[in-house]
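The file work38.txt comes next; it holds compact mmCIF, C-alpha atoms.
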```
# COMPACT_ATOMS: atom_id res chain seq x y z
CA ALA A 1 -8.95 47.08 104.45
CA VAL A 2 -12.30 45.48 103.83
CA ILE A 3 -12.22 41.72 103.40
CA TYR A 4 -14.55 39.30 101.68
CA LEU A 5 -16.79 37.29 103.93
CA GLU A 6 -17.23 33.68 102.87
CA ILE A 7 -20.97 33.14 102.49
CA ALA A 8 -21.95 29.54 103.04
CA SER A 9 -25.71 29.90 103.47
CA GLY A 10 -28.17 32.62 104.04
CA PHE A 11 -31.53 34.16 104.47
CA VAL A 12 -31.29 37.40 106.34
CA HIS A 13 -28.86 38.55 108.94
CA ALA A 14 -25.25 37.66 109.55
CA THR A 15 -24.05 35.50 112.39
CA PRO A 16 -21.00 36.69 114.36
CA MET A 17 -18.83 35.10 111.65
CA GLY A 18 -20.63 36.87 108.84
CA VAL A 19 -22.56 33.86 107.58
CA PRO A 20 -26.26 34.64 107.13
CA VAL A 21 -28.73 32.13 108.47
CA LEU A 22 -32.35 31.27 107.95
CA ASP A 23 -33.72 32.75 111.16
CA GLY A 24 -37.11 33.86 109.92
CA THR A 25 -36.61 37.56 110.55
CA ASP A 26 -37.06 38.40 106.88
CA ILE A 27 -40.33 36.58 106.47
CA ASP A 28 -43.24 38.62 105.20
CA LEU A 29 -46.44 36.72 105.88
CA PRO A 30 -49.15 39.31 106.52
CA GLN A 31 -51.89 36.71 106.99
CA GLN A 32 -50.23 34.51 109.59
CA THR A 33 -52.46 32.68 112.02
CA PRO A 34 -51.64 32.97 115.73
CA ILE A 35 -50.25 29.42 115.68
CA VAL A 36 -47.88 30.22 112.81
CA ARG A 37 -46.80 33.44 114.54
CA ASP A 38 -46.11 31.51 117.73
CA ALA A 39 -44.10 28.90 115.83
CA LEU A 40 -42.01 31.59 114.17
CA ALA A 41 -41.39 33.18 117.58
CA ALA A 42 -40.26 29.79 118.89
CA ILE A 43 -37.84 29.42 115.98
CA ARG A 44 -36.33 32.80 116.79
CA LYS A 45 -35.73 31.53 120.33
CA GLY A 46 -34.06 28.38 119.02
CA GLN A 47 -36.98 26.16 120.03
CA TYR A 48 -37.02 24.26 116.76
CA ASP A 49 -38.57 21.00 117.91
CA GLN A 50 -41.44 22.84 119.56
CA ALA A 51 -42.10 24.90 116.43
CA ILE A 52 -41.92 21.87 114.14
CA GLU A 53 -44.32 19.83 116.26
CA THR A 54 -46.76 22.75 116.52
CA LEU A 55 -46.78 23.32 112.78
CA ARG A 56 -47.07 19.67 111.85
CA ASN A 57 -50.06 19.28 114.17
CA TYR A 58 -51.61 22.44 112.74
CA ILE A 59 -51.12 21.25 109.16
CA ALA A 60 -52.49 17.78 109.95
CA THR A 61 -55.69 19.20 111.45
CA ASN A 62 -56.19 22.11 109.06
CA GLY A 63 -55.55 20.59 105.66
CA SER A 64 -58.01 22.92 103.95
CA ALA A 65 -57.18 26.07 105.91
CA PRO A 66 -56.49 29.24 103.92
CA ASN A 67 -52.91 30.47 103.84
CA LEU A 68 -51.58 27.03 104.78
CA SER A 69 -48.59 27.85 102.60
CA ASN A 70 -47.38 30.11 105.42
CA ALA A 71 -47.35 27.18 107.83
CA TYR A 72 -45.31 25.09 105.40
CA GLU A 73 -42.84 27.92 104.86
CA VAL A 74 -42.27 28.47 108.57
CA LEU A 75 -42.02 24.68 108.97
CA GLY A 76 -39.27 24.77 106.35
CA ILE A 77 -37.44 27.38 108.40
CA GLY A 78 -37.63 25.28 111.56
CA LEU A 79 -36.53 22.12 109.80
CA TYR A 80 -33.58 23.84 108.17
CA MET A 81 -32.46 25.41 111.42
CA LYS A 82 -32.65 22.00 113.08
CA GLY A 83 -30.49 20.53 110.31
CA ASP A 84 -33.15 18.55 108.44
CA THR A 85 -32.32 20.00 105.05
CA SER A 86 -34.16 17.50 102.86
CA GLU A 87 -37.34 17.90 104.88
CA ALA A 88 -36.96 21.66 104.81
CA VAL A 89 -36.74 21.57 101.01
CA ALA A 90 -39.86 19.40 100.87
CA ALA A 91 -41.77 21.84 103.08
CA LEU A 92 -40.68 24.82 100.98
CA LYS A 93 -41.66 23.04 97.77
CA LYS A 94 -45.06 22.35 99.33
CA THR A 95 -45.28 26.09 99.99
CA LEU A 96 -44.72 26.71 96.30
CA SER A 97 -47.30 24.13 95.29
CA LEU A 98 -49.84 26.16 97.29
CA ASP A 99 -48.43 29.58 96.40
CA PRO A 100 -46.31 29.53 93.22
CA ASN A 101 -45.66 33.26 93.58
CA SER A 102 -43.94 33.02 96.94
CA GLY A 103 -40.74 34.95 96.40
CA SER A 104 -39.62 34.22 99.95
CA ALA A 105 -39.98 30.43 99.55
CA LEU A 106 -38.06 30.53 96.28
CA THR A 107 -35.35 32.59 97.92
CA ARG A 108 -35.08 30.15 100.81
CA LEU A 109 -34.76 27.23 98.40
CA GLY A 110 -32.06 29.13 96.54
CA SER A 111 -30.18 29.80 99.73
CA ILE A 112 -30.29 26.12 100.69
CA ALA A 113 -28.95 25.27 97.24
CA LEU A 114 -26.23 27.89 97.62
CA ALA A 115 -25.22 26.41 100.96
CA ALA A 116 -24.88 23.02 99.27
CA GLY A 117 -22.69 24.47 96.53
CA GLN A 118 -25.42 24.08 93.90
CA ILE A 119 -24.71 27.45 92.34
CA ASP A 120 -26.71 27.05 89.13
CA GLU A 121 -29.78 25.86 91.02
CA ALA A 122 -29.44 28.70 93.51
CA LYS A 123 -29.15 31.26 90.73
CA ALA A 124 -32.25 29.88 89.01
CA ASP A 125 -34.25 30.06 92.26
CA PHE A 126 -33.21 33.64 92.97
CA GLU A 127 -33.95 34.73 89.42
CA GLN A 128 -37.37 33.06 89.57
CA ALA A 129 -38.07 34.80 92.87
CA LEU A 130 -37.31 38.12 91.22
CA GLN A 131 -39.56 37.27 88.28
CA VAL A 132 -42.54 36.86 90.60
CA ASP A 133 -41.48 39.76 92.82
CA PRO A 134 -38.95 42.12 91.21
CA ASN A 135 -38.76 44.18 94.40
CA TYR A 136 -37.92 41.30 96.74
CA GLN A 137 -34.72 42.71 98.15
CA ILE A 138 -33.45 39.58 99.85
CA ALA A 139 -33.50 37.75 96.51
CA HIS A 140 -31.40 40.58 95.04
CA GLU A 141 -28.88 40.20 97.86
CA ARG A 142 -28.68 36.44 97.45
CA LEU A 143 -28.34 36.67 93.68
CA GLY A 144 -25.50 39.08 94.34
CA ILE A 145 -23.71 36.36 96.33
CA VAL A 146 -23.99 33.95 93.40
CA LEU A 147 -22.72 36.50 90.90
CA GLN A 148 -19.86 37.43 93.21
CA LYS A 149 -18.86 33.78 93.46
CA ASP A 150 -19.05 33.53 89.65
CA GLY A 151 -16.73 36.50 89.28
CA ASP A 152 -19.41 38.81 87.85
CA ILE A 153 -18.44 41.70 90.10
CA ALA A 154 -20.41 44.35 88.23
CA GLY A 155 -23.53 42.19 88.34
CA ALA A 156 -23.00 41.39 92.00
CA MET A 157 -22.57 45.05 92.87
CA LYS A 158 -25.81 45.92 91.08
CA GLU A 159 -27.75 43.20 92.92
CA PHE A 160 -26.29 44.11 96.30
CA GLU A 161 -27.18 47.76 95.76
CA LEU A 162 -30.74 46.83 94.75
CA GLY A 163 -31.02 44.57 97.78
CA LEU A 164 -29.76 47.23 100.15
CA ALA A 165 -31.59 50.22 98.68
CA GLY A 166 -33.76 51.94 101.25
CA ARG A 167 -32.64 49.71 104.09
CA PRO A 168 -32.08 51.41 107.44
CA PRO A 169 -28.44 52.33 108.13
CA SER A 170 -28.32 49.73 110.91
CA TYR A 171 -29.19 46.88 108.53
CA LEU A 172 -26.17 44.66 107.88
CA GLY A 173 -27.22 42.03 105.34
CA MET A 174 -24.75 41.85 102.47
CA LYS A 175 -23.15 45.21 103.20
CA PRO A 176 -19.79 43.54 103.98
CA ASN A 177 -19.82 41.95 100.53
CA LEU A 178 -20.69 45.20 98.78
CA ALA A 179 -18.10 47.03 100.85
CA ALA A 180 -15.53 44.46 99.72
CA ILE A 181 -16.29 45.32 96.10
CA TYR A 182 -16.00 49.04 96.83
CA ASP A 183 -12.70 48.37 98.56
CA GLU A 184 -11.29 46.52 95.56
CA GLN A 185 -12.33 49.43 93.36
CA GLY A 186 -10.47 51.84 95.61
CA ARG A 187 -13.72 53.36 96.90
CA TYR A 188 -12.55 53.24 100.51
CA ASP A 189 -14.74 56.09 101.77
CA ASP A 190 -17.84 54.50 100.23
CA ALA A 191 -16.99 51.18 101.87
CA ARG A 192 -16.56 52.78 105.28
CA LYS A 193 -19.69 54.91 104.99
CA LEU A 194 -21.68 51.83 104.04
CA LEU A 195 -20.48 49.78 106.99
CA GLU A 196 -20.01 52.21 109.87
CA PRO A 197 -23.71 52.60 110.81
CA ALA A 198 -24.28 48.87 110.56
CA VAL A 199 -21.23 48.14 112.69
CA ALA A 200 -22.42 50.63 115.30
CA ALA A 201 -25.72 48.76 115.48
CA ASN A 202 -24.10 45.31 115.37
CA SER A 203 -21.12 45.90 117.62
CA THR A 204 -20.88 42.24 118.59
CA ASN A 205 -20.79 41.06 114.97
CA VAL A 206 -17.21 39.92 114.44
CA GLY A 207 -17.64 39.71 110.68
CA ALA A 208 -18.79 43.29 110.43
CA LEU A 209 -15.98 44.51 112.63
CA ARG A 210 -13.41 42.63 110.56
CA SER A 211 -14.85 44.19 107.41
CA LEU A 212 -14.01 47.60 108.80
CA GLY A 213 -10.59 46.43 109.85
CA ILE A 214 -11.48 46.64 113.56
```
Representation of the structure as structure tokens:
Amino acid sequence: AVIYLEIASGFVHATPMGVPVLDGTDIDLPQQTPIVRDALAAIRKGQYDQAIETLRNYIATNGSAPNLSNAYEVLGIGLYMKGDTSEAVAALKKTLSLDPNSGSALTRLGSIALAAGQIDEAKADFEQALQVDPNYQIAHERLGIVLQKDGDIAGAMKEFELGLAGRPPSYLGMKPNLAAIYDEQGRYDDARKLLEPAVAANSTNVGALRSLGI
């Protein structure tokens, strides 16, 4: 049977234990500078210190550069991945001071709050992200986590389905959580159909395999 995955934190994809992390792969920054792109690539390789130093130097020498909000947001990712949560929050809030309509920054702040058990704050951040960008799917997924924790299963299911709509079959995201809801409703075929393609594409993901009872 499908099981619930305990979600402690999250931004995009699931780790082998089913806990999503802020790894930058969901970031949508179409006007990145080469330096910001390189920093994000370093974060994806686990080179957090290098990325942080690069971005801080870039920010210090380009205080009036356009799209500096992107640099602060990627800096927030690097800081969070390194474990500097308070500094990550400060960087993300700086992002919002430069770009109040950044749905991704709001979603990241909400996910940090969720990881800290600050459910009300997380919910407010996700809802605000969806106010500025109603189609921001990651915010829908994260709001679904909050609602699921609150026991609002119908609301959680709706948000998960909105967050997963149109995603490629290989995308994992919150599919294990949605499949868990289907399972509890007796919709076993729907749960399996939802997860099987993602499991095939994420065959080393222990959380996904456990969700299918493998």
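A straight line drawn from CA of His140 (chain A) to CA of Val74 (chain A) is 21.2 Å long.
Minimum distance to Tyr80 (chain A) across A:Ile112, A:Leu98, A:Ala156, A:Ala201 (counting all atoms listed in the file) occurs at A:Ile112.
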Minimum-distance residue to Gln131 (chain A), chosen among A:Leu68, A:Ala198, A:Asn101, A:Asp190 (using only C-alpha atoms):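 Looking at the shortest contact to Gln131 (chain A), the residue is A:Asn101.
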Atomic distance CA of Glu196 (chain A) - CA of Gly155 (chain A), expressed in Å with one decimal: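 One can read the CA of Glu196 (chain A) to CA of Gly155 (chain A) distance as 24.0 Å.
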Between CA of Leu178 (chain A) and CA of Glu161 (chain A) - distance in Å to one decimal: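 Atom-to-atom, CA of Glu161 (chain A) to CA of Leu178 (chain A), that is 7.6 Å.
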6 Å contact set for Gly110 (chain A), all atoms listed in the file, chain neighbours under 6 positions out, as a list in words: Ala122, Asp125 and Phe126 of chain A
Expected answer as a PyMOL selection string: all residues with atoms within 9 Å of (-40.5, 30.3, 95.9), all atoms listed in the file: chain A and resi 92-93+95-96+99-110+125-126+128-129+132
Show me, as a tab-separated table (two decimals) with C-alpha atoms, in the frame of the given file, the residues that have an atom within 12 Å of Asn62 (chain A) when counting all atoms listed in the file, minus same-chain residues fewer than 6 positions from it.
```tsv
chain	number	residue	atom	x	y	z
A	33	THR	CA	-52.46	32.68	112.02
A	35	ILE	CA	-50.25	29.42	115.68
A	55	LEU	CA	-46.78	23.32	112.78
A	56	ARG	CA	-47.07	19.67	111.85
A	68	LEU	CA	-51.58	27.03	104.78
A	69	SER	CA	-48.59	27.85	102.60
A	71	ALA	CA	-47.35	27.18	107.83
A	72	TYR	CA	-45.31	25.09	105.40
```
Shortest interatomic distance to Ile138 (chain A) - which of A:Gly186, A:Pro176, A:Gly63, A:Gly163, counting all atoms listed in the file: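 For Ile138 (chain A), the nearest of the given residues is A:Gly163.
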Reconstruct N, CA, C and O atoms of region 145-161 of chain A from the incomplete input and present them as a compact mmCIF listing (two decimals), keeping the file's coordinate frame.
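Contents of selection-v1.txt, freshly written:
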```
# COMPACT_ATOMS: atom_id res chain seq x y z
N ILE A 145 -24.70 37.32 95.82
CA ILE A 145 -23.71 36.36 96.33
C ILE A 145 -23.28 35.41 95.21
O ILE A 145 -22.10 35.14 95.01
N VAL A 146 -24.29 34.89 94.49
CA VAL A 146 -23.99 33.95 93.40
C VAL A 146 -23.12 34.61 92.34
O VAL A 146 -22.12 34.03 91.89
N LEU A 147 -23.48 35.80 91.94
CA LEU A 147 -22.72 36.50 90.90
C LEU A 147 -21.31 36.82 91.39
O LEU A 147 -20.34 36.74 90.61
N GLN A 148 -21.18 37.16 92.66
CA GLN A 148 -19.86 37.43 93.21
C GLN A 148 -18.99 36.18 93.18
O GLN A 148 -17.81 36.23 92.83
N LYS A 149 -19.59 35.04 93.51
CA LYS A 149 -18.86 33.78 93.46
C LYS A 149 -18.46 33.43 92.03
O LYS A 149 -17.42 32.83 91.80
N ASP A 150 -19.33 33.82 91.07
CA ASP A 150 -19.05 33.53 89.65
C ASP A 150 -18.06 34.50 89.04
O ASP A 150 -17.67 34.35 87.88
N GLY A 151 -17.68 35.52 89.79
CA GLY A 151 -16.73 36.50 89.28
C GLY A 151 -17.36 37.64 88.52
O GLY A 151 -16.65 38.47 87.93
N ASP A 152 -18.70 37.71 88.51
CA ASP A 152 -19.41 38.81 87.85
C ASP A 152 -19.56 39.95 88.86
O ASP A 152 -20.61 40.14 89.46
N ILE A 153 -18.48 40.69 89.05
CA ILE A 153 -18.44 41.70 90.10
C ILE A 153 -19.41 42.85 89.82
O ILE A 153 -20.09 43.34 90.73
N ALA A 154 -19.49 43.26 88.57
CA ALA A 154 -20.41 44.35 88.23
C ALA A 154 -21.86 43.93 88.50
O ALA A 154 -22.66 44.70 89.04
N GLY A 155 -22.18 42.69 88.10
CA GLY A 155 -23.53 42.19 88.34
C GLY A 155 -23.82 42.04 89.82
O GLY A 155 -24.92 42.36 90.29
N ALA A 156 -22.83 41.56 90.56
CA ALA A 156 -23.00 41.39 92.00
C ALA A 156 -23.22 42.74 92.67
O ALA A 156 -24.10 42.87 93.54
N MET A 157 -22.43 43.73 92.28
CA MET A 157 -22.57 45.05 92.87
C MET A 157 -23.97 45.61 92.63
O MET A 157 -24.61 46.17 93.54
N LYS A 158 -24.47 45.44 91.41
CA LYS A 158 -25.81 45.92 91.08
C LYS A 158 -26.86 45.25 91.96
O LYS A 158 -27.75 45.92 92.49
N GLU A 159 -26.75 43.92 92.12
CA GLU A 159 -27.75 43.20 92.92
C GLU A 159 -27.65 43.56 94.40
O GLU A 159 -28.68 43.72 95.07
N PHE A 160 -26.44 43.70 94.91
CA PHE A 160 -26.29 44.11 96.30
C PHE A 160 -26.90 45.49 96.53
O PHE A 160 -27.59 45.73 97.53
N GLU A 161 -26.65 46.40 95.60
CA GLU A 161 -27.18 47.76 95.76
C GLU A 161 -28.70 47.77 95.68
O GLU A 161 -29.35 48.50 96.44
```
